[in-house]
$ cat target_23.cif   # mmCIF, C-alpha atoms
data_upload
loop_
_atom_site.label_atom_id
_atom_site.label_comp_id
_atom_site.auth_asym_id
_atom_site.auth_seq_id
_atom_site.Cartn_x
_atom_site.Cartn_y
_atom_site.Cartn_z
CA MET D 1 -1.56 -17.24 -20.39
CA SER D 2 1.11 -14.60 -20.62
CA PRO D 3 4.19 -16.03 -22.33
CA THR D 4 6.44 -13.78 -20.25
CA LEU D 5 5.34 -15.47 -17.06
CA ARG D 6 5.75 -18.97 -18.41
CA GLU D 7 9.35 -18.57 -19.49
CA PRO D 8 12.02 -19.80 -17.13
CA PRO D 9 14.14 -16.99 -15.73
CA SER D 10 16.58 -15.75 -18.35
CA ALA D 11 20.05 -17.19 -18.22
CA GLU D 12 21.55 -14.28 -20.14
CA PRO D 13 24.73 -12.85 -18.73
CA ALA D 14 24.42 -9.76 -16.57
CA PRO D 15 25.37 -6.44 -18.13
CA ALA D 16 29.14 -6.31 -18.21
CA VAL D 17 30.82 -3.82 -15.95
CA GLY D 18 31.55 -0.61 -17.78
CA ARG D 19 28.55 -0.76 -20.09
CA ARG D 20 25.92 1.83 -19.32
CA ARG D 21 22.55 0.56 -18.40
CA THR D 22 19.29 1.77 -16.99
CA GLY D 23 17.12 -0.77 -15.29
CA VAL D 24 15.57 -1.61 -11.98
CA HIS D 25 17.80 1.01 -10.43
CA GLY D 26 16.17 3.82 -12.37
CA ALA D 27 18.68 6.56 -13.11
CA ARG D 28 21.93 6.05 -14.92
CA HIS D 29 24.85 6.33 -12.62
CA GLY D 30 28.26 7.14 -13.84
CA GLY D 31 30.65 5.88 -11.14
CA ARG D 32 32.58 2.69 -11.66
CA SER D 33 31.70 1.47 -8.20
CA GLU D 34 27.99 1.84 -8.91
CA ARG D 35 28.42 0.01 -12.20
CA VAL D 36 30.13 -2.81 -10.34
CA VAL D 37 27.29 -3.03 -7.81
CA ARG D 38 24.76 -3.12 -10.62
CA ALA D 39 26.60 -5.82 -12.53
CA VAL D 40 27.02 -7.95 -9.40
CA MET D 41 23.34 -7.60 -8.45
CA HIS D 42 22.23 -8.71 -11.92
CA ALA D 43 24.72 -11.56 -11.96
CA ALA D 44 23.68 -12.69 -8.48
CA ALA D 45 19.99 -12.59 -9.46
CA ALA D 46 20.74 -14.70 -12.53
CA GLU D 47 22.73 -17.19 -10.42
CA ILE D 48 19.96 -17.34 -7.81
CA ALA D 49 17.50 -18.12 -10.60
CA ARG D 50 19.81 -20.82 -11.98
CA ALA D 51 21.17 -22.46 -8.84
CA GLY D 52 18.96 -21.33 -5.95
CA TYR D 53 20.42 -20.34 -2.59
CA ALA D 54 22.02 -23.47 -1.20
CA ALA D 55 24.00 -24.19 -4.38
CA LEU D 56 24.91 -20.57 -5.08
CA ARG D 57 28.65 -19.92 -5.39
CA VAL D 58 30.13 -16.45 -5.07
CA GLU D 59 32.77 -17.47 -7.66
CA ASP D 60 30.04 -18.02 -10.22
CA VAL D 61 28.50 -14.64 -9.49
CA ALA D 62 31.92 -13.01 -9.89
CA ALA D 63 32.57 -14.80 -13.18
CA ARG D 64 29.18 -13.84 -14.55
CA ALA D 65 29.61 -10.21 -13.50
CA GLY D 66 33.11 -10.07 -14.89
CA VAL D 67 34.64 -8.96 -11.59
CA ASN D 68 37.13 -10.44 -9.19
CA LYS D 69 35.82 -12.57 -6.33
CA THR D 70 37.56 -10.33 -3.81
CA THR D 71 35.67 -7.33 -5.19
CA ILE D 72 32.47 -9.06 -4.11
CA TYR D 73 33.77 -10.20 -0.71
CA ARG D 74 35.03 -6.71 0.10
CA ARG D 75 31.52 -5.33 -0.14
CA TRP D 76 29.42 -8.37 0.88
CA PRO D 77 31.53 -10.54 3.23
CA THR D 78 29.12 -13.50 3.21
CA LYS D 79 26.86 -15.22 0.73
CA ALA D 80 23.86 -14.31 2.88
CA GLU D 81 24.77 -10.62 2.69
CA LEU D 82 25.24 -10.79 -1.07
CA VAL D 83 21.86 -12.47 -1.51
CA LYS D 84 20.14 -10.06 0.84
CA ALA D 85 21.50 -7.10 -1.13
CA THR D 86 20.33 -8.73 -4.36
CA LEU D 87 16.84 -9.37 -3.04
CA ARG D 88 16.59 -5.76 -1.87
CA SER D 89 17.91 -4.50 -5.14
CA PHE D 90 15.06 -6.24 -7.01
CA SER D 91 12.39 -5.59 -4.38
CA ASP D 92 9.32 -3.48 -5.11
CA GLY D 93 9.70 -1.70 -1.77
CA ARG D 94 12.50 0.61 -2.94
CA GLN D 95 10.49 3.55 -4.26
CA ALA D 96 8.72 6.11 -2.08
CA PRO D 97 5.07 5.07 -1.70
CA PRO D 98 2.56 6.87 -3.93
CA ASP D 99 0.40 9.57 -2.38
CA THR D 100 -2.42 10.47 -4.77
CA GLY D 101 -4.89 11.34 -2.00
CA ALA D 102 -7.08 8.32 -2.84
CA LEU D 103 -6.53 4.91 -1.26
CA ARG D 104 -7.72 3.02 -4.34
CA LEU D 105 -5.25 4.76 -6.65
CA ASP D 106 -2.35 4.39 -4.21
CA LEU D 107 -3.02 0.65 -3.86
CA LEU D 108 -3.31 0.24 -7.63
CA GLU D 109 0.07 1.87 -8.06
CA LEU D 110 1.61 -0.38 -5.39
CA VAL D 111 0.17 -3.55 -6.89
CA ARG D 112 1.35 -2.52 -10.37
CA ARG D 113 4.87 -2.03 -9.03
CA PHE D 114 4.70 -5.44 -7.40
CA VAL D 115 3.55 -7.14 -10.61
CA ALA D 116 6.20 -5.28 -12.62
CA VAL D 117 9.02 -6.48 -10.36
CA ALA D 118 7.63 -10.00 -9.98
CA SER D 119 7.37 -10.32 -13.77
CA THR D 120 11.04 -9.63 -14.52
CA PRO D 121 13.35 -12.64 -14.94
CA GLU D 122 15.19 -11.51 -11.80
CA GLY D 123 11.97 -11.20 -9.80
CA GLN D 124 10.74 -14.58 -11.01
CA GLY D 125 14.00 -16.28 -10.14
CA ILE D 126 14.09 -14.73 -6.68
CA TYR D 127 10.48 -15.68 -5.91
CA ARG D 128 10.96 -19.23 -7.07
CA MET D 129 14.06 -19.57 -4.92
CA LEU D 130 12.21 -18.18 -1.90
CA LEU D 131 9.39 -20.66 -2.47
CA ALA D 132 11.62 -23.65 -3.06
CA GLU D 133 14.14 -23.03 -0.28
CA LEU D 134 12.05 -21.52 2.50
CA HIS D 135 13.05 -24.52 4.63
CA VAL D 136 16.68 -23.27 4.62
CA PRO D 137 17.00 -21.19 7.82
CA GLU D 138 19.09 -18.46 6.15
CA VAL D 139 16.50 -18.16 3.38
CA GLU D 140 13.65 -17.95 5.85
CA ALA D 141 15.45 -15.18 7.74
CA LEU D 142 16.06 -13.30 4.49
CA ALA D 143 12.43 -13.73 3.42
CA ARG D 144 11.20 -12.44 6.77
CA ALA D 145 13.43 -9.35 6.71
CA LEU D 146 12.49 -8.61 3.12
CA ARG D 147 8.78 -9.00 3.83
CA GLU D 148 8.90 -6.28 6.48
CA GLU D 149 10.58 -3.92 4.02
CA ARG D 150 8.06 -4.73 1.33
CA LEU D 151 5.12 -4.20 3.64
CA ALA D 152 6.24 -0.72 4.74
CA PRO D 153 4.89 1.29 1.76
CA TRP D 154 1.60 -0.65 1.83
CA ARG D 155 1.14 0.05 5.51
CA GLU D 156 1.88 3.73 4.97
CA VAL D 157 -0.69 4.00 2.17
CA LEU D 158 -3.34 2.13 4.16
CA GLU D 159 -2.71 4.15 7.32
CA ARG D 160 -3.24 7.32 5.34
CA GLY D 161 -6.52 5.80 4.09
CA VAL D 162 -7.63 5.23 7.68
CA ALA D 163 -6.57 8.77 8.64
CA ARG D 164 -8.65 10.19 5.76
CA GLY D 165 -11.66 8.15 6.88
CA GLU D 166 -11.58 5.83 3.85
CA LEU D 167 -11.27 2.78 6.09
CA PRO D 168 -12.69 2.26 9.57
CA PRO D 169 -10.23 2.43 12.48
CA GLY D 170 -9.41 -1.04 13.79
CA THR D 171 -9.06 -2.51 10.29
CA ASP D 172 -6.47 -5.29 10.03
CA LEU D 173 -4.26 -3.52 7.48
CA ASP D 174 -1.70 -6.33 7.16
CA LEU D 175 -4.48 -8.72 6.19
CA LEU D 176 -5.51 -6.40 3.35
CA VAL D 177 -1.94 -6.32 2.03
CA GLU D 178 -1.78 -10.10 2.31
CA MET D 179 -5.04 -10.48 0.39
CA ILE D 180 -3.88 -8.29 -2.48
CA ARG D 181 -0.35 -9.67 -2.70
CA GLY D 182 -1.52 -13.23 -2.01
CA VAL D 183 -3.86 -13.50 -4.94
CA VAL D 184 -1.36 -11.83 -7.26
CA THR D 185 1.50 -14.06 -6.09
CA ASN D 186 -0.69 -17.09 -6.49
CA ARG D 187 -1.72 -16.14 -10.00
CA LEU D 188 1.83 -15.34 -11.09
CA PHE D 189 3.56 -18.35 -9.56
CA ARG D 190 1.01 -21.11 -9.16
CA LEU D 191 -1.74 -20.56 -11.67
CA ARG D 192 0.70 -18.93 -14.11
CA GLY D 193 -2.14 -16.89 -15.49
CA PRO D 194 -2.10 -13.32 -16.74
CA VAL D 195 -2.49 -10.44 -14.33
CA ASP D 196 -4.16 -7.79 -16.44
CA ALA D 197 -5.18 -4.27 -15.45
CA GLY D 198 -8.82 -5.29 -15.05
CA ALA D 199 -7.98 -8.09 -12.63
CA LEU D 200 -5.77 -5.80 -10.55
CA GLU D 201 -8.55 -3.23 -10.30
CA SER D 202 -11.09 -5.84 -9.25
CA ILE D 203 -8.74 -7.21 -6.60
CA VAL D 204 -8.09 -3.74 -5.16
CA ASP D 205 -11.78 -2.79 -5.36
CA VAL D 206 -12.99 -5.94 -3.59
CA VAL D 207 -10.45 -5.40 -0.81
CA VAL D 208 -11.10 -1.66 -0.38
CA LEU D 209 -14.89 -1.92 -0.55
CA GLY D 210 -14.95 -4.99 1.69
CA ALA D 211 -12.71 -3.33 4.29
CA LYS D 212 -14.72 -0.09 4.07
CA ALA D 213 -17.83 -2.11 4.92
CA GLY D 214 -16.06 -3.46 8.02
CA GLY D 215 -15.02 -6.88 6.72
CA ALA D 216 -11.48 -6.67 8.11
CA LEU D 217 -12.15 -5.22 11.55
CA ARG D 218 -9.80 -6.90 13.99
CA ARG D 219 -11.43 -9.65 16.00
CA GLY D 220 -10.16 -12.34 18.29
CA PRO D 221 -10.19 -15.95 17.15
CA ALA D 222 -12.57 -16.51 20.09
CA ALA D 223 -15.39 -14.37 18.66
CA PRO D 224 -16.58 -16.32 15.63
CA GLY D 225 -19.90 -14.44 15.38
CA ALA D 226 -18.53 -10.99 14.48
CA PRO D 227 -18.90 -8.65 12.76
CA MET O 1 3.04 -19.94 14.06
CA SER O 2 1.12 -23.17 14.08
CA PRO O 3 3.46 -26.05 14.79
CA THR O 4 1.35 -28.36 12.66
CA LEU O 5 1.98 -26.29 9.57
CA ARG O 6 5.69 -26.03 10.14
CA GLU O 7 6.36 -29.73 10.36
CA PRO O 8 7.63 -31.43 7.27
CA PRO O 9 5.15 -33.94 5.88
CA SER O 10 5.09 -37.07 7.97
CA ALA O 11 7.11 -39.99 6.76
CA GLU O 12 5.12 -42.49 8.79
CA PRO O 13 4.08 -45.61 6.95
CA ALA O 14 0.59 -45.67 5.54
CA PRO O 15 -2.01 -47.71 7.41
CA ALA O 16 -1.33 -51.31 6.57
CA VAL O 17 -3.86 -53.10 4.45
CA GLY O 18 -6.35 -54.93 6.58
CA ARG O 19 -6.30 -52.45 9.47
CA ARG O 20 -9.49 -50.48 9.85
CA ARG O 21 -9.21 -46.79 9.52
CA THR O 22 -11.37 -43.75 9.18
CA GLY O 23 -9.84 -40.68 7.68
CA VAL O 24 -10.15 -38.36 4.77
CA HIS O 25 -12.53 -40.81 3.20
CA GLY O 26 -15.07 -40.41 5.98
CA ALA O 27 -16.99 -43.62 6.51
CA ARG O 28 -15.37 -46.92 7.36
CA HIS O 29 -15.54 -49.33 4.51
CA GLY O 30 -15.27 -53.02 5.05
CA GLY O 31 -14.25 -54.49 1.70
CA ARG O 32 -10.69 -55.63 1.17
CA SER O 33 -10.53 -53.84 -2.15
CA GLU O 34 -11.48 -50.55 -0.52
CA ARG O 35 -8.88 -51.10 2.17
CA VAL O 36 -6.28 -51.65 -0.53
CA VAL O 37 -7.27 -48.43 -2.28
CA ARG O 38 -7.02 -46.52 0.97
CA ALA O 39 -3.62 -47.95 1.87
CA VAL O 40 -2.28 -47.23 -1.62
CA MET O 41 -3.60 -43.65 -1.58
CA HIS O 42 -1.95 -42.96 1.80
CA ALA O 43 1.28 -44.61 0.72
CA ALA O 44 1.30 -42.68 -2.57
CA ALA O 45 0.68 -39.38 -0.74
CA ALA O 46 3.57 -40.13 1.61
CA GLU O 47 5.85 -40.99 -1.32
CA ILE O 48 4.79 -37.82 -3.17
CA ALA O 49 5.70 -35.82 -0.06
CA ARG O 50 9.06 -37.60 0.16
CA ALA O 51 10.14 -37.90 -3.45
CA GLY O 52 7.94 -35.53 -5.46
CA TYR O 53 6.49 -36.51 -8.81
CA ALA O 54 9.45 -36.96 -11.11
CA ALA O 55 11.30 -39.27 -8.71
CA LEU O 56 8.22 -41.19 -7.57
CA ARG O 57 8.46 -44.96 -8.06
CA VAL O 58 5.40 -47.20 -8.08
CA GLU O 59 7.53 -49.93 -6.43
CA ASP O 60 8.11 -47.68 -3.43
CA VAL O 61 4.39 -46.95 -3.13
CA ALA O 62 3.64 -50.67 -3.27
CA ALA O 63 6.27 -51.47 -0.63
CA ARG O 64 4.99 -48.74 1.69
CA ALA O 65 1.37 -49.87 1.25
CA GLY O 66 2.29 -53.51 1.75
CA VAL O 67 0.79 -54.59 -1.55
CA ASN O 68 2.12 -56.11 -4.72
CA LYS O 69 3.19 -53.78 -7.52
CA THR O 70 0.83 -55.53 -9.91
CA THR O 71 -2.08 -54.76 -7.57
CA ILE O 72 -1.37 -51.09 -8.17
CA TYR O 73 -0.82 -51.39 -11.91
CA ARG O 74 -4.05 -53.33 -12.34
CA ARG O 75 -6.03 -50.37 -11.01
CA TRP O 76 -3.82 -47.44 -12.05
CA PRO O 77 -1.91 -48.43 -15.19
CA THR O 78 0.40 -45.40 -15.16
CA LYS O 79 2.15 -43.29 -12.57
CA ALA O 80 0.15 -40.27 -13.73
CA GLU O 81 -3.11 -42.12 -13.07
CA LEU O 82 -1.95 -43.23 -9.64
CA VAL O 83 -0.96 -39.68 -8.71
CA LYS O 84 -4.18 -38.23 -10.10
CA ALA O 85 -6.23 -40.65 -8.00
CA THR O 86 -4.13 -39.74 -4.94
CA LEU O 87 -4.56 -36.02 -5.47
CA ARG O 88 -8.32 -36.47 -5.87
CA SER O 89 -8.45 -38.68 -2.82
CA PHE O 90 -6.96 -35.87 -0.67
CA SER O 91 -8.77 -33.01 -2.41
CA ASP O 92 -11.21 -30.78 -0.59
CA GLY O 93 -13.62 -30.95 -3.54
CA ARG O 94 -14.95 -34.41 -2.69
CA GLN O 95 -17.83 -33.51 -0.37
CA ALA O 96 -21.13 -32.05 -1.53
CA PRO O 97 -21.01 -28.26 -1.19
CA PRO O 98 -22.69 -26.78 1.90
CA ASP O 99 -26.09 -25.14 1.45
CA THR O 100 -26.95 -23.15 4.58
CA GLY O 101 -28.95 -20.51 2.72
CA ALA O 102 -26.34 -17.82 3.49
CA LEU O 103 -23.37 -17.17 1.20
CA ARG O 104 -21.08 -16.15 4.06
CA LEU O 105 -21.66 -19.38 5.98
CA ASP O 106 -21.30 -21.55 2.89
CA LEU O 107 -17.98 -19.90 2.02
CA LEU O 108 -16.74 -20.23 5.59
CA GLU O 109 -17.47 -23.94 5.49
CA LEU O 110 -15.66 -24.32 2.16
CA VAL O 111 -12.59 -22.42 3.32
CA ARG O 112 -12.49 -24.47 6.54
CA ARG O 113 -12.54 -27.67 4.51
CA PHE O 114 -9.74 -26.33 2.35
CA VAL O 115 -7.59 -25.42 5.35
CA ALA O 116 -8.31 -28.79 6.98
CA VAL O 117 -7.14 -30.74 3.93
CA ALA O 118 -4.18 -28.43 3.23
CA SER O 119 -3.03 -28.83 6.85
CA THR O 120 -2.73 -32.64 6.82
CA PRO O 121 0.71 -34.09 6.10
CA GLU O 122 -0.74 -35.55 2.87
CA GLY O 123 -2.20 -32.20 1.81
CA GLN O 124 1.05 -30.40 2.62
CA GLY O 125 3.13 -32.89 0.68
CA ILE O 126 0.85 -32.71 -2.34
CA TYR O 127 0.80 -28.89 -2.37
CA ARG O 128 4.55 -28.67 -2.07
CA MET O 129 4.99 -31.12 -4.92
CA LEU O 130 2.55 -29.15 -7.09
CA LEU O 131 4.46 -25.95 -6.34
CA ALA O 132 7.90 -27.41 -6.89
CA GLU O 133 7.17 -29.44 -10.02
CA LEU O 134 4.63 -27.33 -11.88
CA HIS O 135 7.16 -27.11 -14.71
CA VAL O 136 6.75 -30.86 -15.33
CA PRO O 137 4.07 -31.10 -18.07
CA GLU O 138 2.31 -34.08 -16.45
CA VAL O 139 2.15 -32.23 -13.14
CA GLU O 140 0.78 -29.11 -14.78
CA ALA O 141 -1.93 -31.17 -16.48
CA LEU O 142 -2.82 -32.83 -13.17
CA ALA O 143 -2.91 -29.48 -11.38
CA ARG O 144 -5.18 -28.01 -14.04
CA ALA O 145 -7.63 -30.93 -13.93
CA LEU O 146 -7.68 -30.90 -10.15
CA ARG O 147 -8.25 -27.15 -10.01
CA GLU O 148 -11.42 -27.47 -12.05
CA GLU O 149 -12.72 -30.12 -9.66
CA ARG O 150 -11.84 -28.03 -6.64
CA LEU O 151 -13.50 -24.94 -8.04
CA ALA O 152 -16.84 -26.68 -8.68
CA PRO O 153 -18.29 -26.48 -5.14
CA TRP O 154 -17.16 -22.84 -4.77
CA ARG O 155 -18.81 -21.89 -8.03
CA GLU O 156 -22.01 -23.64 -6.99
CA VAL O 157 -22.13 -21.81 -3.64
CA LEU O 158 -21.38 -18.45 -5.27
CA GLU O 159 -23.93 -18.96 -8.05
CA ARG O 160 -26.57 -19.65 -5.42
CA GLY O 161 -25.52 -16.40 -3.73
CA VAL O 162 -26.08 -14.51 -6.99
CA ALA O 163 -29.46 -16.24 -7.49
CA ARG O 164 -30.52 -15.18 -3.96
CA GLY O 165 -29.49 -11.58 -4.66
CA GLU O 166 -26.54 -11.66 -2.25
CA LEU O 167 -24.12 -10.74 -5.03
CA PRO O 168 -24.76 -8.59 -8.10
CA PRO O 169 -25.12 -10.44 -11.44
CA GLY O 170 -21.99 -10.07 -13.54
CA THR O 171 -19.67 -10.69 -10.57
CA ASP O 172 -16.44 -12.46 -11.49
CA LEU O 173 -17.02 -15.50 -9.27
CA ASP O 174 -13.76 -17.26 -10.11
CA LEU O 175 -11.84 -14.19 -8.98
CA LEU O 176 -13.55 -14.36 -5.59
CA VAL O 177 -12.55 -18.00 -5.18
CA GLU O 178 -9.02 -17.13 -6.20
CA MET O 179 -8.88 -14.31 -3.65
CA ILE O 180 -10.02 -16.53 -0.79
CA ARG O 181 -7.91 -19.55 -1.69
CA GLY O 182 -4.95 -17.39 -2.77
CA VAL O 183 -4.47 -15.66 0.56
CA VAL O 184 -4.98 -18.91 2.47
CA THR O 185 -2.53 -20.82 0.25
CA ASN O 186 -0.03 -18.05 0.58
CA ARG O 187 -0.29 -17.99 4.35
CA LEU O 188 -0.04 -21.75 4.68
CA PHE O 189 2.78 -22.34 2.25
CA ARG O 190 4.77 -19.14 1.95
CA LEU O 191 4.30 -17.15 5.11
CA ARG O 192 3.84 -20.34 7.16
CA GLY O 193 1.65 -18.43 9.55
CA PRO O 194 -1.42 -19.64 11.41
CA VAL O 195 -4.81 -19.60 9.75
CA ASP O 196 -7.16 -19.08 12.67
CA ALA O 197 -10.93 -18.81 12.63
CA GLY O 198 -10.84 -15.02 12.96
CA ALA O 199 -8.60 -14.65 9.91
CA LEU O 200 -10.81 -16.93 7.84
CA GLU O 201 -13.89 -14.90 8.76
CA SER O 202 -12.19 -11.62 7.89
CA ILE O 203 -11.06 -13.00 4.53
CA VAL O 204 -14.55 -14.23 3.67
CA ASP O 205 -16.17 -11.00 4.92
CA VAL O 206 -13.87 -8.72 2.94
CA VAL O 207 -14.54 -10.73 -0.21
CA VAL O 208 -18.32 -11.01 0.25
CA LEU O 209 -18.82 -7.37 1.28
CA GLY O 210 -16.47 -6.11 -1.43
CA ALA O 211 -18.19 -8.16 -4.13
CA LYS O 212 -21.62 -7.13 -2.82
CA ALA O 213 -20.57 -3.50 -3.26
CA GLY O 214 -19.69 -4.23 -6.90
CA GLY O 215 -15.91 -4.58 -6.56
CA ALA O 216 -15.71 -7.72 -8.70
CA LEU O 217 -18.07 -6.82 -11.52
CA ARG O 218 -16.57 -8.14 -14.73
CA ARG O 219 -14.80 -5.51 -16.75
CA GLY O 220 -12.51 -5.60 -19.77
CA PRO O 221 -8.85 -4.83 -19.34
CA ALA O 222 -9.53 -1.85 -21.66
CA ALA O 223 -11.79 -0.03 -19.18
CA PRO O 224 -9.47 1.06 -16.39
CA GLY O 225 -11.90 3.68 -15.02
CA ALA O 226 -14.60 1.34 -13.73
CA PRO O 227 -16.40 0.96 -11.44
#

$ encode --input "target_23.cif" --output "structure tokens"
Amino acid sequence: MSPTLREPPSAEPAPAVGRRRTGVHGARHGGRSERVVRAVMHAAAAEIARAGYAALRVEDVAARAGVNKTTIYRRWPTKAELVKATLRSFSDGRQAPPDTGALRLDLLELVRRFVAVASTPEGQGIYRMLLAELHVPEVEALARALREERLAPWREVLERGVARGELPPGTDLDLLVEMIRGVVTNRLFRLRGPVDAGALESIVDVVVLGAKAGGALRRGPAAPGAP
Amino acid sequence: MSPTLREPPSAEPAPAVGRRRTGVHGARHGGRSERVVRAVMHAAAAEIARAGYAALRVEDVAARAGVNKTTIYRRWPTKAELVKATLRSFSDGRQAPPDTGALRLDLLELVRRFVAVASTPEGQGIYRMLLAELHVPEVEALARALREERLAPWREVLERGVARGELPPGTDLDLLVEMIRGVVTNRLFRLRGPVDAGALESIVDVVVLGAKAGGALRRGPAAPGAP
């Protein structure tokens, strides 16, 4: 059991506006407006972790970020827009996809990024909210939009693998992504077990070798004998 | 999207004691005591779906089952015992594991059983409760005990596959189970997408072919180069 993954999302205040900080956003930016965005995103993630979506109040996000409520509304006119921006800000789909020339290595890099983001307090809080409130229509719409964005780099990496002849044409690429992310999500959020480097490699290897051997060739639900 | 999987768990009353019923328990039993058990298990599953674990009241289960509270307490002295019996009653680990002589077919049968149970209103309610209340220590203990029981038939089927030479010795069998159940769980409960026969076959084929090719050979977290 990894203690990090068992802790509830941190309730620490977000970095106050004006303090410098590097974090999920990578480089240090100097502008006040970027510092405000960063502080609001961290505060919103903390409030999402604490209150979820339905009970989230923009006032509380503003108070936690140390900014005026109107500062938030000017940029994100609705709660849904604020939450969507927060989810994107802590998504693992933000970086350019890796391109090492080998499918296995590209997938390992993508799954490591996913685990890294999903293991932060912000990532944990966001995932738990998505799980708990998927029945809220606004949350389901957000989750669907976010999923497409998250899938994009995986699809790109897998399509390059097909183009290089590492996977047979006609492979159900989305299923492969789902298999890798599904087992990792399940381990992080349901089993609450560790996701070590060895496990990630085995997961990627099973999926790549199984797909290479034709296990994920698209088939209709009406052809139960294939492949 | 499968409409069945998108419906909230049914709030219909459990079958009243005394009415005959076949269901998850397979054969029809005649004895009054068995009918009571069945009615209480269905009522408890419905109450778990409605109220979750923490808010579950044995009185409500008794009322829904049409039995006296003391009838329940006589058999299951605590709420935890009642819930444990309910979870086992709707678990997919109750039947003897299949033994077709082919690993692929055995795994397909196991995953179909899993989907069948997880698609009932009782199965859905139980899974959602386990997801939502895993932070409750009693629920975590129940989930852990149940997981071991559920894994047993999968391990048996996979070990027979290794003994027949279908998988290399040293394969991490639990990881294979986790990969199959993880993607299915994720699709049923997070993505809320359909789990058709074609998808189940692809999932099983990717895992079997990938493991056959050595993708899940046990390795330490310190050996990132393998295989």

$ resolve_selection --input "target_23.cif" --expression "the PyMOL selection byres ((chain D) within 7 of (chain O))" --output "PDB file with C-alpha atoms, in the coordinates of the input"
ATOM      1  CA  LEU D 131       9.390 -20.660  -2.470  1.00  0.00           C
ATOM      2  CA  ALA D 132      11.620 -23.650  -3.060  1.00  0.00           C
ATOM      3  CA  GLU D 178      -1.780 -10.100   2.310  1.00  0.00           C
ATOM      4  CA  MET D 179      -5.040 -10.480   0.390  1.00  0.00           C
ATOM      5  CA  GLY D 182      -1.520 -13.230  -2.010  1.00  0.00           C
ATOM      6  CA  VAL D 183      -3.860 -13.500  -4.940  1.00  0.00           C
ATOM      7  CA  ASN D 186      -0.690 -17.090  -6.490  1.00  0.00           C
ATOM      8  CA  ARG D 190       1.010 -21.110  -9.160  1.00  0.00           C
ATOM      9  CA  ASP D 196      -4.160  -7.790 -16.440  1.00  0.00           C
ATOM     10  CA  ALA D 197      -5.180  -4.270 -15.450  1.00  0.00           C
ATOM     11  CA  GLY D 198      -8.820  -5.290 -15.050  1.00  0.00           C
ATOM     12  CA  SER D 202     -11.090  -5.840  -9.250  1.00  0.00           C
ATOM     13  CA  ASP D 205     -11.780  -2.790  -5.360  1.00  0.00           C
ATOM     14  CA  VAL D 206     -12.990  -5.940  -3.590  1.00  0.00           C
ATOM     15  CA  VAL D 207     -10.450  -5.400  -0.810  1.00  0.00           C
ATOM     16  CA  LEU D 209     -14.890  -1.920  -0.550  1.00  0.00           C
ATOM     17  CA  GLY D 210     -14.950  -4.990   1.690  1.00  0.00           C
ATOM     18  CA  ALA D 211     -12.710  -3.330   4.290  1.00  0.00           C
ATOM     19  CA  ALA D 213     -17.830  -2.110   4.920  1.00  0.00           C
ATOM     20  CA  GLY D 215     -15.020  -6.880   6.720  1.00  0.00           C
ATOM     21  CA  ALA D 216     -11.480  -6.670   8.110  1.00  0.00           C
ATOM     22  CA  ARG D 219     -11.430  -9.650  16.000  1.00  0.00           C
ATOM     23  CA  GLY D 220     -10.160 -12.340  18.290  1.00  0.00           C
ATOM     24  CA  PRO D 221     -10.190 -15.950  17.150  1.00  0.00           C
ATOM     25  CA  PRO D 224     -16.580 -16.320  15.630  1.00  0.00           C
TER      26      PRO D 224
END

$ calpha_fit_rmsd --input "target_23.cif" --fixed "chain D" --moving "chain O"
0.1 Å

$ resolve_selection --input "target_23.cif" --expression "the PyMOL selection byres ((chain D and resi 151-161) around 7)" --output "number ranges by chain"
D: 93, 97, 103, 106, 147-150, 162-167, 173, 177

$ atom_distance --input "target_23.cif" --atom1 "atom CA of Thr86 of chain D" --atom2 "atom CA of Ala45 of chain D"
6.4 Å

$ residues_near_point --input "target_23.cif" --point "(23.5, -19.1, -7.2)" --cutoff "12 Å" --atoms "all atoms listed in the file" --output "PyMOL selection string"
chain D and resi 11+40-64+79-80+82-83+86+125-126+129

$ atom_distance --input "target_23.cif" --atom1 "atom CA of Val115 of chain O" --atom2 "atom CA of Glu133 of chain D"
22.6 Å

$ closest_residue --input "target_23.cif" --among "D:Ser91, D:Gly66, D:Pro168, D:Val37" --to "Ser119 of chain D" --atoms "only C-alpha atoms"
D:Ser91

$ atom_distance --input "target_23.cif" --atom1 "atom CA of Gly123 of chain O" --atom2 "atom CA of Gly193 of chain O"
16.3 Å

$ resolve_selection --input "target_23.cif" --expression "the PyMOL selection byres ((chain O and resi 75) around 12)" --output "VMD selection string"
chain O and resid 33 to 34 36 to 37 40 to 41 68 to 74 76 to 79 81 to 82 85

$ write_last_selection --input "target_23.cif" --atoms "C-alpha atoms" --output "compact mmCIF listing (two decimals), in the frame of the given file"
# COMPACT_ATOMS: atom_id res chain seq x y z
CA SER O 33 -10.53 -53.84 -2.15
CA GLU O 34 -11.48 -50.55 -0.52
CA VAL O 36 -6.28 -51.65 -0.53
CA VAL O 37 -7.27 -48.43 -2.28
CA VAL O 40 -2.28 -47.23 -1.62
CA MET O 41 -3.60 -43.65 -1.58
CA ASN O 68 2.12 -56.11 -4.72
CA LYS O 69 3.19 -53.78 -7.52
CA THR O 70 0.83 -55.53 -9.91
CA THR O 71 -2.08 -54.76 -7.57
CA ILE O 72 -1.37 -51.09 -8.17
CA TYR O 73 -0.82 -51.39 -11.91
CA ARG O 74 -4.05 -53.33 -12.34
CA TRP O 76 -3.82 -47.44 -12.05
CA PRO O 77 -1.91 -48.43 -15.19
CA THR O 78 0.40 -45.40 -15.16
CA LYS O 79 2.15 -43.29 -12.57
CA GLU O 81 -3.11 -42.12 -13.07
CA LEU O 82 -1.95 -43.23 -9.64
CA ALA O 85 -6.23 -40.65 -8.00
